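S.K.: Handing over my_file-v3.txt, compact mmCIF, C-alpha atoms.
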```
# COMPACT_ATOMS: atom_id res chain seq x y z
CA MET A 20 0.00 0.00 0.00
CA TYR A 21 1.45 3.35 -1.08
CA VAL A 22 1.79 5.97 1.65
CA GLN A 23 2.57 9.62 0.89
CA ILE A 24 4.47 11.43 3.68
CA ASP A 25 4.80 15.21 3.54
CA LEU A 26 6.92 16.44 6.47
CA ASP A 27 8.03 20.05 6.88
CA GLY A 28 9.85 20.09 10.20
CA PRO A 29 10.83 23.78 10.23
CA SER A 30 7.20 24.87 9.78
CA GLY A 31 5.89 22.01 11.95
CA THR A 32 3.54 20.24 9.57
CA LEU A 33 3.08 16.59 8.67
CA ARG A 34 0.55 15.03 6.32
CA VAL A 35 0.24 11.29 5.71
CA SER A 36 -2.12 10.09 2.99
CA GLY A 37 -2.58 7.32 0.46
CA HIS A 38 -5.09 5.45 -1.67
CA ALA A 39 -7.98 4.07 0.47
CA MET A 40 -6.26 5.45 3.56
CA PRO A 41 -7.39 8.17 5.98
CA THR A 42 -5.42 11.40 5.89
CA VAL A 43 -3.51 12.10 9.09
CA GLU A 44 -2.29 15.62 9.82
CA LEU A 45 -0.10 16.72 12.70
CA VAL A 46 0.61 20.41 13.15
CA ARG A 47 2.90 22.20 15.61
CA ALA A 48 1.56 25.48 16.96
CA PRO A 49 3.19 28.54 15.38
CA GLY A 50 5.63 30.66 17.31
CA ASP A 51 7.80 27.93 18.83
CA GLU A 52 11.40 27.48 17.83
CA PRO A 53 11.56 23.85 16.63
CA GLU A 54 13.68 21.43 18.62
CA PRO A 55 16.26 20.16 16.12
CA LEU A 56 16.28 16.47 17.13
CA ILE A 57 12.50 16.04 16.80
CA PRO A 58 11.25 15.92 13.18
CA ILE A 59 7.94 17.71 13.97
CA GLY A 60 9.83 20.12 16.25
CA THR A 61 8.32 19.45 19.70
CA ARG A 62 7.23 16.71 22.09
CA ARG A 63 4.88 19.04 23.99
CA ALA A 64 1.32 17.77 23.48
CA ALA A 65 -0.20 21.20 24.14
CA ARG A 66 1.68 22.51 21.07
CA LEU A 67 0.45 19.76 18.72
CA THR A 68 -2.85 19.22 16.89
CA LEU A 69 -3.64 15.80 15.42
CA THR A 70 -6.51 15.18 13.00
CA VAL A 71 -7.54 12.04 11.11
CA ASP A 72 -9.72 12.71 8.06
CA GLY A 73 -10.45 16.12 9.56
CA ALA A 74 -11.67 14.76 12.91
CA PRO A 75 -9.69 15.70 16.04
CA ALA A 76 -7.64 13.02 17.76
CA ARG A 77 -5.52 13.05 20.93
CA ILE A 78 -1.76 12.84 20.93
CA ARG A 79 0.56 12.56 23.89
CA PRO A 80 4.27 12.14 23.28
CA GLY A 81 6.49 11.11 26.17
CA ARG A 82 9.07 13.63 27.35
CA GLY A 83 12.01 11.85 25.73
CA ARG A 84 14.50 11.76 28.57
CA LEU A 85 16.83 9.13 30.02
CA LEU A 86 14.73 5.97 29.63
CA ARG A 87 14.01 4.46 26.22
CA ARG A 88 10.32 4.15 27.17
CA SER A 89 10.13 7.93 27.72
CA TYR A 90 10.28 8.31 23.93
CA ARG A 91 6.89 6.62 23.48
CA VAL A 92 4.09 8.41 21.67
CA ASP A 93 0.43 7.73 22.49
CA ALA A 94 -2.52 8.65 20.29
CA VAL A 95 -6.24 8.02 20.60
CA VAL A 96 -8.15 7.99 17.33
CA SER A 97 -11.92 7.33 17.41
CA GLY A 98 -11.57 5.39 20.66
CA THR A 99 -8.64 3.28 19.45
CA ARG A 100 -5.40 3.61 21.44
CA TYR A 101 -2.11 3.60 19.54
CA ARG A 102 1.33 3.54 21.09
CA LEU A 103 4.68 3.82 19.34
CA VAL A 104 7.47 2.79 21.70
CA PRO A 105 11.18 2.21 21.00
CA CYS A 106 12.23 -1.44 21.02
CA SER A 107 15.82 -1.09 19.70
CA TYR A 108 18.31 1.60 18.78
CA VAL A 109 16.53 2.29 15.48
CA GLU A 110 13.08 0.67 15.61
CA SER A 111 9.86 1.31 17.49
CA ARG A 112 6.97 -1.09 18.05
CA LEU A 113 3.46 0.02 17.10
CA LEU A 114 0.64 -1.23 19.33
CA ARG A 115 -3.11 -0.91 18.85
CA ASP A 116 -5.08 -1.26 22.08
CA GLY A 117 -2.05 -3.01 23.61
CA ARG A 118 -1.59 -5.53 20.78
CA PRO A 119 1.61 -5.37 18.71
CA LEU A 120 1.07 -4.60 15.03
CA GLY A 121 4.67 -4.38 13.85
CA THR A 122 7.87 -2.36 13.96
CA LEU A 123 8.58 0.92 12.22
CA GLU A 124 11.84 2.66 11.45
CA SER A 125 12.38 6.33 10.66
CA SER A 126 15.44 8.48 11.11
CA GLY A 127 13.37 11.67 10.96
CA ASP A 128 13.90 12.33 7.26
CA GLY A 129 10.24 11.90 6.27
CA ARG A 130 10.64 8.24 5.30
CA VAL A 131 9.19 5.33 7.26
CA ASP A 132 9.86 1.62 6.80
CA ALA A 133 7.40 -0.83 8.35
CA GLU A 134 7.55 -4.53 9.06
CA TRP A 135 4.15 -5.81 10.10
CA ALA A 136 3.83 -8.66 12.58
CA SER A 137 3.39 -12.13 11.13
CA GLY A 138 -0.28 -13.00 10.74
CA THR A 139 -1.30 -9.36 11.21
CA GLU A 140 -2.81 -7.34 8.40
CA PRO A 141 -2.95 -3.75 9.58
CA GLU A 142 -6.00 -1.68 8.75
CA PRO A 143 -5.51 1.47 6.64
CA LEU A 144 -6.01 3.54 9.81
CA ASP A 145 -3.23 1.57 11.56
CA ARG A 146 -0.83 2.23 8.67
CA ALA A 147 -1.70 5.92 8.50
CA VAL A 148 -1.45 6.63 12.23
CA GLY A 149 1.68 4.49 12.74
CA THR A 150 3.42 6.12 9.79
CA ALA A 151 2.50 9.60 11.03
CA LEU A 152 3.79 8.94 14.55
CA ALA A 153 7.06 7.46 13.27
CA ALA A 154 7.63 10.29 10.77
CA ALA A 155 6.80 13.02 13.29
CA PHE A 156 8.93 11.78 16.18
CA GLY A 157 11.42 9.34 14.67
CA THR A 158 11.92 5.84 16.02
CA GLY A 159 14.26 3.90 18.27
CA GLY A 160 16.18 4.89 21.35
CA ALA A 161 19.15 3.91 23.41
CA PRO A 162 18.61 1.76 26.51
CA TRP A 163 19.02 3.50 29.88
CA TRP A 164 22.37 1.87 30.61
CA ASP A 165 23.86 3.16 27.35
CA THR A 166 22.60 6.68 28.02
CA ALA A 167 23.89 6.56 31.61
CA THR A 168 27.29 5.33 30.41
CA ASN A 169 27.50 8.26 27.97
CA ILE A 170 26.61 10.74 30.72
CA VAL A 171 29.28 9.33 33.03
CA ALA A 172 31.84 9.35 30.20
CA GLU A 173 31.14 13.05 29.62
CA LEU A 174 31.79 13.81 33.30
CA ILE A 175 35.19 12.11 33.37
CA PRO A 176 37.97 14.47 32.20
```
Could I get this structure in the form of structure tokens?
M.R.:
Amino acid sequence: MYVQIDLDGPSGTLRVSGHAMPTVELVRAPGDEPEPLIPIGTRRAARLTLTVDGAPARIRPGRGRLLRRSYRVDAVVSGTRYRLVPCSYVESRLLRDGRPLGTLESSGDGRVDAEWASGTEPEPLDRAVGTALAAAFGTGGAPWWDTATNIVAELIP
């Protein structure tokens, strides 16, 4: 299934669309200086607006701190809960209502690669929302022990 991803990080806009697929739009509020390591420019939920086929949806990115899990992104679309959570250095797992759908990979360049779980055929909404979350926030994350080791290494002269 073809997915079109239009990401403009500096202006804070993302649009994901495709044939027989709902259009997902994520917009960062104007006036904020974009954070350079986040493709959409912020992880602050109050500064983001998510819509799916024009209908409002909720988005709640984690703060993105020391723990890998803090880079998760939660969204609720028409009562369905989605979570994108890092599972390796480069990949994140997409869950729908707690059930794994597959893994996605995006370095923040507006491209997303997906590998869907065996025996799982994602719905068009799953593909659209998962792709939007991965494109907007990137995927993957270092485990806590790697991050802690890097912090300690920086403190040693």
S.K.: Using all atoms listed in the file, determine which residues lie at most 8 Å from A:Ser111, disregarding the query and same-chain residues fewer than 6 positions distant; provide the list as a list in words.
M.R.: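 My reading of the contact set: Leu103, Val104, Pro105, Thr122, Leu123, Glu124, Ala153, Thr158 and Gly159 of chain A.
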S.K.: My list of candidates is A:Arg88, A:Arg115, A:Arg62, A:His38. Which is closest to A:Tyr101 when distances are computed with only C-alpha atoms?
M.R.: A:Arg115
S.K.: Which neighbours of A:Val96 fall inside 12 Å, counting all atoms listed in the file, when residues of the same chain fewer than 6 positions from it are skipped, and could you give them as an mmCIF file with C-alpha atoms, in the frame of the given file?
M.R.:
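Done, and the output landed in result-v3.cif:
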```cif
data_model
loop_
_atom_site.group_PDB
_atom_site.id
_atom_site.type_symbol
_atom_site.label_atom_id
_atom_site.label_comp_id
_atom_site.auth_asym_id
_atom_site.auth_seq_id
_atom_site.Cartn_x
_atom_site.Cartn_y
_atom_site.Cartn_z
ATOM 1 C CA PRO A 41 -7.390 8.170 5.980
ATOM 2 C CA VAL A 43 -3.510 12.100 9.090
ATOM 3 C CA LEU A 69 -3.640 15.800 15.420
ATOM 4 C CA THR A 70 -6.510 15.180 13.000
ATOM 5 C CA VAL A 71 -7.540 12.040 11.110
ATOM 6 C CA ASP A 72 -9.720 12.710 8.060
ATOM 7 C CA GLY A 73 -10.450 16.120 9.560
ATOM 8 C CA ALA A 74 -11.670 14.760 12.910
ATOM 9 C CA PRO A 75 -9.690 15.700 16.040
ATOM 10 C CA ALA A 76 -7.640 13.020 17.760
ATOM 11 C CA ARG A 77 -5.520 13.050 20.930
ATOM 12 C CA ILE A 78 -1.760 12.840 20.930
ATOM 13 C CA ARG A 79 0.560 12.560 23.890
ATOM 14 C CA ARG A 102 1.330 3.540 21.090
ATOM 15 C CA ARG A 115 -3.110 -0.910 18.850
ATOM 16 C CA ASP A 116 -5.080 -1.260 22.080
ATOM 17 C CA LEU A 144 -6.010 3.540 9.810
ATOM 18 C CA ASP A 145 -3.230 1.570 11.560
ATOM 19 C CA ALA A 147 -1.700 5.920 8.500
ATOM 20 C CA VAL A 148 -1.450 6.630 12.230
ATOM 21 C CA GLY A 149 1.680 4.490 12.740
#
```
S.K.: If we count only C-alpha atoms and set the cut-off at 10 Å, which residues sit around A:Val35, ignoring sequence neighbours fewer than 4 positions away in its own chain? Please answer as a list in words.
M.R.: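 In the requested format, the answer is Val22, Gln23, Ile24, Asp25, Leu26, Met40, Pro41, Thr42, Val43, Glu44, Leu45, Val71, Arg146, Ala147, Val148, Gly149, Thr150, Ala151, Leu152 and Ala154 of chain A.
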S.K.: Closest to A:Trp135 among A:Arg112, A:Pro80, A:Ala64, A:Ser97, using all atoms listed in the file?
M.R.: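 Nearest to A:Trp135: A:Arg112.
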